[in-house]
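File shown here: input_10.cif, holding mmCIF, N, CA and C atoms.
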```
data_upload
loop_
_atom_site.group_PDB
_atom_site.id
_atom_site.type_symbol
_atom_site.label_atom_id
_atom_site.label_comp_id
_atom_site.auth_asym_id
_atom_site.auth_seq_id
_atom_site.Cartn_x
_atom_site.Cartn_y
_atom_site.Cartn_z
ATOM 1 N N MET V 15 118.502 135.584 206.925
ATOM 2 C CA MET V 15 117.254 135.810 206.232
ATOM 3 C C MET V 15 116.658 134.445 205.893
ATOM 4 N N ASN V 16 115.412 134.264 206.315
ATOM 5 C CA ASN V 16 114.760 132.996 206.007
ATOM 6 C C ASN V 16 114.150 133.034 204.611
ATOM 7 N N GLU V 17 113.589 131.914 204.203
ATOM 8 C CA GLU V 17 113.067 131.791 202.838
ATOM 9 C C GLU V 17 111.916 132.768 202.569
ATOM 10 N N TYR V 18 111.041 132.955 203.544
ATOM 11 C CA TYR V 18 109.915 133.872 203.380
ATOM 12 C C TYR V 18 110.398 135.308 203.212
ATOM 13 N N GLU V 19 111.356 135.714 204.030
ATOM 14 C CA GLU V 19 111.903 137.072 203.917
ATOM 15 C C GLU V 19 112.580 137.277 202.566
ATOM 16 N N ALA V 20 113.283 136.259 202.096
ATOM 17 C CA ALA V 20 113.939 136.343 200.785
ATOM 18 C C ALA V 20 112.895 136.477 199.677
ATOM 19 N N TYR V 21 111.809 135.723 199.766
ATOM 20 C CA TYR V 21 110.731 135.820 198.781
ATOM 21 C C TYR V 21 110.136 137.219 198.780
ATOM 22 N N LYS V 22 109.867 137.771 199.961
ATOM 23 C CA LYS V 22 109.295 139.111 200.058
ATOM 24 C C LYS V 22 110.227 140.151 199.439
ATOM 25 N N LEU V 23 111.507 140.005 199.685
ATOM 26 C CA LEU V 23 112.487 140.937 199.137
ATOM 27 C C LEU V 23 112.512 140.863 197.610
ATOM 28 N N ILE V 24 112.564 139.663 197.081
ATOM 29 C CA ILE V 24 112.588 139.473 195.619
ATOM 30 C C ILE V 24 111.294 139.986 194.994
ATOM 31 N N ASP V 25 110.153 139.690 195.611
ATOM 32 C CA ASP V 25 108.866 140.157 195.105
ATOM 33 C C ASP V 25 108.810 141.683 195.113
ATOM 34 N N GLY V 26 109.325 142.293 196.154
ATOM 35 C CA GLY V 26 109.351 143.753 196.243
ATOM 36 C C GLY V 26 110.218 144.384 195.170
ATOM 37 N N VAL V 27 111.370 143.797 194.920
ATOM 38 C CA VAL V 27 112.265 144.311 193.867
ATOM 39 C C VAL V 27 111.597 144.184 192.506
ATOM 40 N N LYS V 28 110.949 143.048 192.253
ATOM 41 C CA LYS V 28 110.241 142.862 190.977
ATOM 42 C C LYS V 28 109.132 143.903 190.816
ATOM 43 N N THR V 29 108.392 144.127 191.876
ATOM 44 C CA THR V 29 107.298 145.098 191.843
ATOM 45 C C THR V 29 107.825 146.486 191.517
ATOM 46 N N LEU V 30 108.873 146.901 192.213
ATOM 47 C CA LEU V 30 109.433 148.231 191.974
ATOM 48 C C LEU V 30 110.016 148.353 190.574
ATOM 49 N N ALA V 31 110.663 147.303 190.097
ATOM 50 C CA ALA V 31 111.238 147.324 188.749
ATOM 51 C C ALA V 31 110.131 147.443 187.701
ATOM 52 N N GLU V 32 109.031 146.747 187.901
ATOM 53 C CA GLU V 32 107.924 146.818 186.951
ATOM 54 C C GLU V 32 107.298 148.215 186.946
ATOM 55 N N HIS V 33 107.103 148.776 188.137
ATOM 56 C CA HIS V 33 106.579 150.135 188.232
ATOM 57 C C HIS V 33 107.509 151.120 187.506
ATOM 58 N N GLU V 34 108.805 151.022 187.794
ATOM 59 C CA GLU V 34 109.776 151.925 187.183
ATOM 60 C C GLU V 34 109.801 151.787 185.668
ATOM 61 N N ALA V 35 109.712 150.567 185.164
ATOM 62 C CA ALA V 35 109.737 150.343 183.717
ATOM 63 C C ALA V 35 108.543 151.027 183.048
ATOM 64 N N ILE V 36 107.375 150.917 183.647
ATOM 65 C CA ILE V 36 106.177 151.552 183.093
ATOM 66 C C ILE V 36 106.337 153.074 183.100
ATOM 67 N N ILE V 37 106.778 153.603 184.229
ATOM 68 C CA ILE V 37 106.937 155.053 184.382
ATOM 69 C C ILE V 37 107.971 155.596 183.395
ATOM 70 N N LEU V 38 109.129 154.954 183.332
ATOM 71 C CA LEU V 38 110.192 155.433 182.445
ATOM 72 C C LEU V 38 109.786 155.347 180.978
ATOM 73 N N HIS V 39 109.100 154.264 180.591
ATOM 74 C CA HIS V 39 108.638 154.138 179.205
ATOM 75 C C HIS V 39 107.678 155.284 178.871
ATOM 76 N N TYR V 40 106.783 155.582 179.776
ATOM 77 C CA TYR V 40 105.822 156.664 179.555
ATOM 78 C C TYR V 40 106.536 158.012 179.445
ATOM 79 N N ARG V 41 107.481 158.243 180.320
ATOM 80 C CA ARG V 41 108.206 159.524 180.287
ATOM 81 C C ARG V 41 109.044 159.677 179.023
ATOM 82 N N ARG V 42 109.598 158.579 178.533
ATOM 83 C CA ARG V 42 110.433 158.632 177.325
ATOM 84 C C ARG V 42 109.608 158.753 176.050
ATOM 85 N N THR V 43 108.489 158.034 175.994
ATOM 86 C CA THR V 43 107.743 157.930 174.738
ATOM 87 C C THR V 43 106.391 158.636 174.756
ATOM 88 N N GLY V 44 105.853 158.875 175.946
ATOM 89 C CA GLY V 44 104.514 159.434 176.039
ATOM 90 C C GLY V 44 103.426 158.392 175.826
ATOM 91 N N GLN V 45 103.820 157.134 175.714
ATOM 92 C CA GLN V 45 102.860 156.049 175.483
ATOM 93 C C GLN V 45 102.732 155.186 176.733
ATOM 94 N N LEU V 46 101.494 154.772 176.985
ATOM 95 C CA LEU V 46 101.225 153.955 178.162
ATOM 96 C C LEU V 46 100.329 152.786 177.767
ATOM 97 N N ASP V 47 100.744 151.592 178.144
ATOM 98 C CA ASP V 47 99.873 150.420 178.007
ATOM 99 C C ASP V 47 98.930 150.479 179.205
ATOM 100 N N ARG V 48 97.805 151.141 179.012
ATOM 101 C CA ARG V 48 96.875 151.420 180.115
ATOM 102 C C ARG V 48 96.430 150.155 180.832
ATOM 103 N N GLU V 49 96.059 149.129 180.078
ATOM 104 C CA GLU V 49 95.564 147.899 180.708
ATOM 105 C C GLU V 49 96.616 147.297 181.628
ATOM 106 N N HIS V 50 97.850 147.233 181.139
ATOM 107 C CA HIS V 50 98.928 146.670 181.951
ATOM 108 C C HIS V 50 99.209 147.549 183.173
ATOM 109 N N ALA V 51 99.275 148.860 182.974
ATOM 110 C CA ALA V 51 99.556 149.779 184.079
ATOM 111 C C ALA V 51 98.470 149.700 185.151
ATOM 112 N N ILE V 52 97.225 149.643 184.724
ATOM 113 C CA ILE V 52 96.118 149.538 185.685
ATOM 114 C C ILE V 52 96.165 148.206 186.417
ATOM 115 N N GLN V 53 96.497 147.143 185.711
ATOM 116 C CA GLN V 53 96.616 145.824 186.347
ATOM 117 C C GLN V 53 97.718 145.844 187.407
ATOM 118 N N VAL V 54 98.864 146.428 187.082
ATOM 119 C CA VAL V 54 99.979 146.528 188.033
ATOM 120 C C VAL V 54 99.557 147.354 189.246
ATOM 121 N N TYR V 55 98.872 148.468 189.004
ATOM 122 C CA TYR V 55 98.396 149.321 190.090
ATOM 123 C C TYR V 55 97.452 148.545 191.006
ATOM 124 N N ARG V 56 96.517 147.841 190.425
ATOM 125 C CA ARG V 56 95.528 147.108 191.230
ATOM 126 C C ARG V 56 96.145 145.928 191.981
ATOM 127 N N GLU V 57 97.093 145.238 191.363
ATOM 128 C CA GLU V 57 97.764 144.127 192.054
ATOM 129 C C GLU V 57 98.533 144.640 193.266
ATOM 130 N N PHE V 58 99.246 145.750 193.098
ATOM 131 C CA PHE V 58 99.979 146.334 194.224
ATOM 132 C C PHE V 58 98.995 146.710 195.333
ATOM 133 N N SER V 59 97.898 147.353 194.939
ATOM 134 C CA SER V 59 96.911 147.789 195.926
ATOM 135 C C SER V 59 96.330 146.607 196.692
ATOM 136 N N ALA V 60 96.087 145.501 196.003
ATOM 137 C CA ALA V 60 95.536 144.316 196.656
ATOM 138 C C ALA V 60 96.523 143.712 197.652
ATOM 139 N N LYS V 61 97.817 143.783 197.334
ATOM 140 C CA LYS V 61 98.842 143.214 198.211
ATOM 141 C C LYS V 61 99.209 144.140 199.366
ATOM 142 N N ASN V 62 98.812 145.408 199.282
ATOM 143 C CA ASN V 62 99.214 146.405 200.277
ATOM 144 C C ASN V 62 98.000 147.161 200.807
ATOM 145 N N PRO V 63 97.238 146.550 201.719
ATOM 146 C CA PRO V 63 96.028 147.204 202.222
ATOM 147 C C PRO V 63 96.313 148.529 202.925
ATOM 148 N N GLY V 64 97.499 148.704 203.452
ATOM 149 C CA GLY V 64 97.859 149.979 204.075
ATOM 150 C C GLY V 64 97.898 151.102 203.056
ATOM 151 N N TYR V 65 98.312 150.777 201.844
ATOM 152 C CA TYR V 65 98.340 151.776 200.779
ATOM 153 C C TYR V 65 96.921 152.217 200.445
ATOM 154 N N ILE V 66 96.026 151.269 200.301
ATOM 155 C CA ILE V 66 94.635 151.593 199.976
ATOM 156 C C ILE V 66 94.014 152.431 201.089
ATOM 157 N N ALA V 67 94.288 152.100 202.334
ATOM 158 C CA ALA V 67 93.750 152.880 203.452
ATOM 159 C C ALA V 67 94.238 154.326 203.382
ATOM 160 N N ALA V 68 95.513 154.516 203.044
ATOM 161 C CA ALA V 68 96.061 155.864 202.932
ATOM 162 C C ALA V 68 95.413 156.621 201.777
ATOM 163 N N VAL V 69 95.224 155.961 200.652
ATOM 164 C CA VAL V 69 94.603 156.601 199.484
ATOM 165 C C VAL V 69 93.154 156.969 199.799
ATOM 166 N N GLN V 70 92.439 156.078 200.459
ATOM 167 C CA GLN V 70 91.042 156.354 200.793
ATOM 168 C C GLN V 70 90.928 157.524 201.765
ATOM 169 N N ALA V 71 91.834 157.599 202.719
ATOM 170 C CA ALA V 71 91.823 158.727 203.658
ATOM 171 C C ALA V 71 92.118 160.029 202.926
ATOM 172 N N GLN V 72 93.077 159.999 202.045
ATOM 173 C CA GLN V 72 93.433 161.178 201.261
ATOM 174 C C GLN V 72 92.263 161.612 200.379
ATOM 175 N N THR V 73 91.599 160.669 199.759
ATOM 176 C CA THR V 73 90.456 160.949 198.889
ATOM 177 C C THR V 73 89.306 161.566 199.685
ATOM 178 N N ALA V 74 89.082 161.062 200.882
ATOM 179 C CA ALA V 74 87.998 161.585 201.717
ATOM 180 C C ALA V 74 88.253 163.043 202.092
ATOM 181 N N VAL V 75 89.491 163.380 202.330
ATOM 182 C CA VAL V 75 89.830 164.755 202.713
ATOM 183 C C VAL V 75 89.727 165.690 201.514
ATOM 184 N N ARG V 76 90.230 165.245 200.374
ATOM 185 C CA ARG V 76 90.280 166.115 199.191
ATOM 186 C C ARG V 76 89.033 166.025 198.312
ATOM 187 N N HIS V 77 88.213 165.012 198.525
ATOM 188 C CA HIS V 77 86.993 164.814 197.724
ATOM 189 C C HIS V 77 87.311 164.751 196.228
ATOM 190 N N ASP V 78 88.337 163.996 195.865
ATOM 191 C CA ASP V 78 88.746 163.965 194.458
ATOM 192 C C ASP V 78 88.976 162.562 193.912
ATOM 193 N N GLY V 79 88.397 161.570 194.509
ATOM 194 C CA GLY V 79 88.658 160.197 194.087
ATOM 195 C C GLY V 79 87.904 159.805 192.822
ATOM 196 N N ILE V 80 88.606 159.101 191.937
ATOM 197 C CA ILE V 80 87.988 158.495 190.766
ATOM 198 C C ILE V 80 88.577 157.102 190.605
ATOM 199 N N ASP V 81 87.862 156.245 189.902
ATOM 200 C CA ASP V 81 88.381 154.917 189.617
ATOM 201 C C ASP V 81 89.592 155.054 188.696
ATOM 202 N N VAL V 82 90.630 154.294 188.970
ATOM 203 C CA VAL V 82 91.870 154.405 188.196
ATOM 204 C C VAL V 82 91.633 154.140 186.707
ATOM 205 N N SER V 83 90.673 153.332 186.367
ATOM 206 C CA SER V 83 90.412 153.055 184.954
ATOM 207 C C SER V 83 89.854 154.275 184.222
ATOM 208 N N MET V 84 89.356 155.251 184.953
ATOM 209 C CA MET V 84 88.815 156.476 184.357
ATOM 210 C C MET V 84 89.847 157.611 184.351
ATOM 211 N N ALA V 85 90.998 157.368 184.939
ATOM 212 C CA ALA V 85 92.018 158.412 185.094
ATOM 213 C C ALA V 85 92.795 158.616 183.788
ATOM 214 N N SER V 86 93.397 159.790 183.679
ATOM 215 C CA SER V 86 94.262 160.075 182.531
ATOM 216 C C SER V 86 95.557 159.275 182.663
ATOM 217 N N ASP V 87 96.294 159.186 181.579
ATOM 218 C CA ASP V 87 97.578 158.484 181.612
ATOM 219 C C ASP V 87 98.514 159.111 182.643
ATOM 220 N N ASP V 88 98.540 160.443 182.715
ATOM 221 C CA ASP V 88 99.391 161.131 183.686
ATOM 222 C C ASP V 88 99.038 160.747 185.118
ATOM 223 N N VAL V 89 97.749 160.636 185.405
ATOM 224 C CA VAL V 89 97.310 160.276 186.757
ATOM 225 C C VAL V 89 97.685 158.825 187.068
ATOM 226 N N ILE V 90 97.511 157.935 186.110
ATOM 227 C CA ILE V 90 97.883 156.528 186.326
ATOM 228 C C ILE V 90 99.371 156.422 186.632
ATOM 229 N N VAL V 91 100.197 157.093 185.842
ATOM 230 C CA VAL V 91 101.645 157.064 186.061
ATOM 231 C C VAL V 91 101.979 157.707 187.413
ATOM 232 N N GLY V 92 101.308 158.782 187.761
ATOM 233 C CA GLY V 92 101.519 159.406 189.069
ATOM 234 C C GLY V 92 101.156 158.474 190.212
ATOM 235 N N ASN V 93 100.079 157.702 190.033
ATOM 236 C CA ASN V 93 99.679 156.736 191.060
ATOM 237 C C ASN V 93 100.707 155.619 191.201
ATOM 238 N N LEU V 94 101.262 155.162 190.088
ATOM 239 C CA LEU V 94 102.319 154.143 190.161
ATOM 240 C C LEU V 94 103.532 154.699 190.902
ATOM 241 N N ASN V 95 103.864 155.946 190.632
ATOM 242 C CA ASN V 95 104.984 156.578 191.333
ATOM 243 C C ASN V 95 104.685 156.712 192.830
ATOM 244 N N GLN V 96 103.443 157.034 193.152
ATOM 245 C CA GLN V 96 103.034 157.136 194.550
ATOM 246 C C GLN V 96 103.179 155.784 195.248
ATOM 247 N N GLN V 97 102.868 154.702 194.535
ATOM 248 C CA GLN V 97 103.031 153.376 195.124
ATOM 249 C C GLN V 97 104.501 153.080 195.408
ATOM 250 N N ILE V 98 105.378 153.504 194.521
ATOM 251 C CA ILE V 98 106.819 153.316 194.755
ATOM 252 C C ILE V 98 107.240 154.049 196.025
ATOM 253 N N MET V 99 106.798 155.286 196.165
ATOM 254 C CA MET V 99 107.159 156.064 197.355
ATOM 255 C C MET V 99 106.594 155.432 198.623
ATOM 256 N N TYR V 100 105.350 154.952 198.552
ATOM 257 C CA TYR V 100 104.742 154.277 199.698
ATOM 258 C C TYR V 100 105.567 153.061 200.105
ATOM 259 N N TYR V 101 105.916 152.245 199.114
ATOM 260 C CA TYR V 101 106.639 150.999 199.381
ATOM 261 C C TYR V 101 108.012 151.283 199.985
ATOM 262 N N GLY V 102 108.704 152.271 199.441
ATOM 263 C CA GLY V 102 110.014 152.630 199.983
ATOM 264 C C GLY V 102 109.920 153.142 201.404
ATOM 265 N N GLY V 103 108.931 153.992 201.662
ATOM 266 C CA GLY V 103 108.736 154.505 203.018
ATOM 267 C C GLY V 103 108.341 153.423 204.001
ATOM 268 N N LYS V 104 107.477 152.536 203.555
ATOM 269 C CA LYS V 104 107.038 151.418 204.404
ATOM 270 C C LYS V 104 108.227 150.540 204.781
ATOM 271 N N ASN V 105 109.069 150.230 203.805
ATOM 272 C CA ASN V 105 110.237 149.388 204.083
ATOM 273 C C ASN V 105 111.221 150.092 205.004
ATOM 274 N N LEU V 106 111.394 151.386 204.824
ATOM 275 C CA LEU V 106 112.291 152.143 205.694
ATOM 276 C C LEU V 106 111.776 152.121 207.127
ATOM 277 N N LEU V 107 110.486 152.381 207.316
ATOM 278 C CA LEU V 107 109.916 152.376 208.665
ATOM 279 C C LEU V 107 109.979 150.999 209.310
ATOM 280 N N GLU V 108 109.697 149.957 208.520
ATOM 281 C CA GLU V 108 109.774 148.606 209.076
ATOM 282 C C GLU V 108 111.211 148.283 209.486
ATOM 283 N N GLY V 109 112.170 148.711 208.704
ATOM 284 C CA GLY V 109 113.574 148.499 209.061
ATOM 285 C C GLY V 109 113.955 149.224 210.330
ATOM 286 N N LEU V 110 113.483 150.451 210.497
ATOM 287 C CA LEU V 110 113.766 151.209 211.697
ATOM 288 C C LEU V 110 113.125 150.564 212.919
ATOM 289 N N CYS V 111 111.897 150.090 212.757
ATOM 290 C CA CYS V 111 111.188 149.446 213.873
ATOM 291 C C CYS V 111 111.838 148.123 214.269
ATOM 292 N N ASN V 112 112.450 147.459 213.293
ATOM 293 C CA ASN V 112 113.091 146.174 213.560
ATOM 294 C C ASN V 112 114.569 146.323 213.886
ATOM 295 N N GLY V 113 115.042 147.552 213.983
ATOM 296 C CA GLY V 113 116.438 147.800 214.330
ATOM 297 C C GLY V 113 117.419 147.505 213.226
ATOM 298 N N LYS V 114 116.986 147.592 211.960
ATOM 299 C CA LYS V 114 117.881 147.284 210.831
ATOM 300 C C LYS V 114 118.332 148.552 210.169
#
```
Show me the file's structure as structure tokens.
Amino acid sequence: MNEYEAYKLIDGVKTLAEHEAIILHYRRTGQLDREHAIQVYREFSAKNPGYIAAVQAQTAVRHDGIDVSMASDDVIVGNLNQQIMYYGGKNLLEGLCNGK
């Protein structure tokens, strides 16, 4: 593993850990730091254009898109969970394509 691959791996683990921490805190307490959660959601989206393309396609089909800042706490947490699933699936597919 080269330095770039190691950085990507560490960055991915940090991202998933941050998402999980927000989700678990919300599930345990019912409280959400909306500004932080929205910032995390938007940073992930900016780093993963494939995720945004998938969300936009889904929104076009269902006609239900709203800006994340206008969403309920439940929807924000659901979107963070969706990002976790996207990231895990993306990594699994990339591993399969690369023979890992």
Q | 8 Å contact set for region 40-49 of chain V, only N, CA and C atoms, chain neighbours under 5 positions out, as a list in words | A | Glu34, Ala35, Val54, Tyr55, Ser83, Asp87 and Val91 of chain V
**Q.** Residue members of the PyMOL selection byres (((chain V and resi 30 and name CA) around 12) and name CA) in the file shown, as a count of residues only
**A.** 27
Q: May I ask for the distance between CA of Ser59 (chain V) and atom N of Tyr18 (chain V), given in Å to one decimal place?
A: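 Here the two named atoms are 21.9 Å from each other.
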Q. Between atom N of Ala51 (chain V) and CA of Ala85 (chain V), what is the spacing in Å?
A. 12.2 Å
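The coordinates place CA of Val69 (chain V) at 14.1 Å from atom N of Lys104 (chain V).
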Mind completing region 50-67 of chain V with N, CA, C and O atoms? Output as a PDB file, in the frame of the given file, please?
```pdb
ATOM      1  N   HIS V  50      97.850 147.233 181.139  1.00  0.00           N
ATOM      2  CA  HIS V  50      98.928 146.670 181.951  1.00  0.00           C
ATOM      3  C   HIS V  50      99.209 147.549 183.173  1.00  0.00           C
ATOM      4  O   HIS V  50      99.358 147.041 184.286  1.00  0.00           O
ATOM      5  N   ALA V  51      99.275 148.860 182.974  1.00  0.00           N
ATOM      6  CA  ALA V  51      99.556 149.779 184.079  1.00  0.00           C
ATOM      7  C   ALA V  51      98.470 149.700 185.151  1.00  0.00           C
ATOM      8  O   ALA V  51      98.772 149.670 186.352  1.00  0.00           O
ATOM      9  N   ILE V  52      97.225 149.643 184.724  1.00  0.00           N
ATOM     10  CA  ILE V  52      96.118 149.538 185.685  1.00  0.00           C
ATOM     11  C   ILE V  52      96.165 148.206 186.417  1.00  0.00           C
ATOM     12  O   ILE V  52      95.941 148.140 187.631  1.00  0.00           O
ATOM     13  N   GLN V  53      96.497 147.143 185.711  1.00  0.00           N
ATOM     14  CA  GLN V  53      96.616 145.824 186.347  1.00  0.00           C
ATOM     15  C   GLN V  53      97.718 145.844 187.407  1.00  0.00           C
ATOM     16  O   GLN V  53      97.528 145.348 188.519  1.00  0.00           O
ATOM     17  N   VAL V  54      98.864 146.428 187.082  1.00  0.00           N
ATOM     18  CA  VAL V  54      99.979 146.528 188.033  1.00  0.00           C
ATOM     19  C   VAL V  54      99.557 147.354 189.246  1.00  0.00           C
ATOM     20  O   VAL V  54      99.824 146.979 190.393  1.00  0.00           O
ATOM     21  N   TYR V  55      98.872 148.468 189.004  1.00  0.00           N
ATOM     22  CA  TYR V  55      98.396 149.321 190.090  1.00  0.00           C
ATOM     23  C   TYR V  55      97.452 148.545 191.006  1.00  0.00           C
ATOM     24  O   TYR V  55      97.590 148.571 192.232  1.00  0.00           O
ATOM     25  N   ARG V  56      96.517 147.841 190.425  1.00  0.00           N
ATOM     26  CA  ARG V  56      95.528 147.108 191.230  1.00  0.00           C
ATOM     27  C   ARG V  56      96.145 145.928 191.981  1.00  0.00           C
ATOM     28  O   ARG V  56      95.768 145.655 193.118  1.00  0.00           O
ATOM     29  N   GLU V  57      97.093 145.238 191.363  1.00  0.00           N
ATOM     30  CA  GLU V  57      97.764 144.127 192.054  1.00  0.00           C
ATOM     31  C   GLU V  57      98.533 144.640 193.266  1.00  0.00           C
ATOM     32  O   GLU V  57      98.502 144.024 194.332  1.00  0.00           O
ATOM     33  N   PHE V  58      99.246 145.750 193.098  1.00  0.00           N
ATOM     34  CA  PHE V  58      99.979 146.334 194.224  1.00  0.00           C
ATOM     35  C   PHE V  58      98.995 146.710 195.333  1.00  0.00           C
ATOM     36  O   PHE V  58      99.236 146.429 196.509  1.00  0.00           O
ATOM     37  N   SER V  59      97.898 147.353 194.939  1.00  0.00           N
ATOM     38  CA  SER V  59      96.911 147.789 195.926  1.00  0.00           C
ATOM     39  C   SER V  59      96.330 146.607 196.692  1.00  0.00           C
ATOM     40  O   SER V  59      96.127 146.689 197.902  1.00  0.00           O
ATOM     41  N   ALA V  60      96.087 145.501 196.003  1.00  0.00           N
ATOM     42  CA  ALA V  60      95.536 144.316 196.656  1.00  0.00           C
ATOM     43  C   ALA V  60      96.523 143.712 197.652  1.00  0.00           C
ATOM     44  O   ALA V  60      96.120 143.205 198.703  1.00  0.00           O
ATOM     45  N   LYS V  61      97.817 143.783 197.334  1.00  0.00           N
ATOM     46  CA  LYS V  61      98.842 143.214 198.211  1.00  0.00           C
ATOM     47  C   LYS V  61      99.209 144.140 199.366  1.00  0.00           C
ATOM     48  O   LYS V  61      99.860 143.712 200.317  1.00  0.00           O
ATOM     49  N   ASN V  62      98.812 145.408 199.282  1.00  0.00           N
ATOM     50  CA  ASN V  62      99.214 146.405 200.277  1.00  0.00           C
ATOM     51  C   ASN V  62      98.000 147.161 200.807  1.00  0.00           C
ATOM     52  O   ASN V  62      97.746 148.300 200.412  1.00  0.00           O
ATOM     53  N   PRO V  63      97.238 146.550 201.719  1.00  0.00           N
ATOM     54  CA  PRO V  63      96.028 147.204 202.222  1.00  0.00           C
ATOM     55  C   PRO V  63      96.313 148.529 202.925  1.00  0.00           C
ATOM     56  O   PRO V  63      95.463 149.417 202.934  1.00  0.00           O
ATOM     57  N   GLY V  64      97.499 148.704 203.452  1.00  0.00           N
ATOM     58  CA  GLY V  64      97.859 149.979 204.075  1.00  0.00           C
ATOM     59  C   GLY V  64      97.898 151.102 203.056  1.00  0.00           C
ATOM     60  O   GLY V  64      97.549 152.244 203.358  1.00  0.00           O
ATOM     61  N   TYR V  65      98.312 150.777 201.844  1.00  0.00           N
ATOM     62  CA  TYR V  65      98.340 151.776 200.779  1.00  0.00           C
ATOM     63  C   TYR V  65      96.921 152.217 200.445  1.00  0.00           C
ATOM     64  O   TYR V  65      96.635 153.405 200.340  1.00  0.00           O
ATOM     65  N   ILE V  66      96.026 151.269 200.301  1.00  0.00           N
ATOM     66  CA  ILE V  66      94.635 151.593 199.976  1.00  0.00           C
ATOM     67  C   ILE V  66      94.014 152.431 201.089  1.00  0.00           C
ATOM     68  O   ILE V  66      93.287 153.386 200.817  1.00  0.00           O
ATOM     69  N   ALA V  67      94.288 152.100 202.334  1.00  0.00           N
ATOM     70  CA  ALA V  67      93.750 152.880 203.452  1.00  0.00           C
ATOM     71  C   ALA V  67      94.238 154.326 203.382  1.00  0.00           C
ATOM     72  O   ALA V  67      93.466 155.259 203.597  1.00  0.00           O
TER      73      ALA V  67
END
```
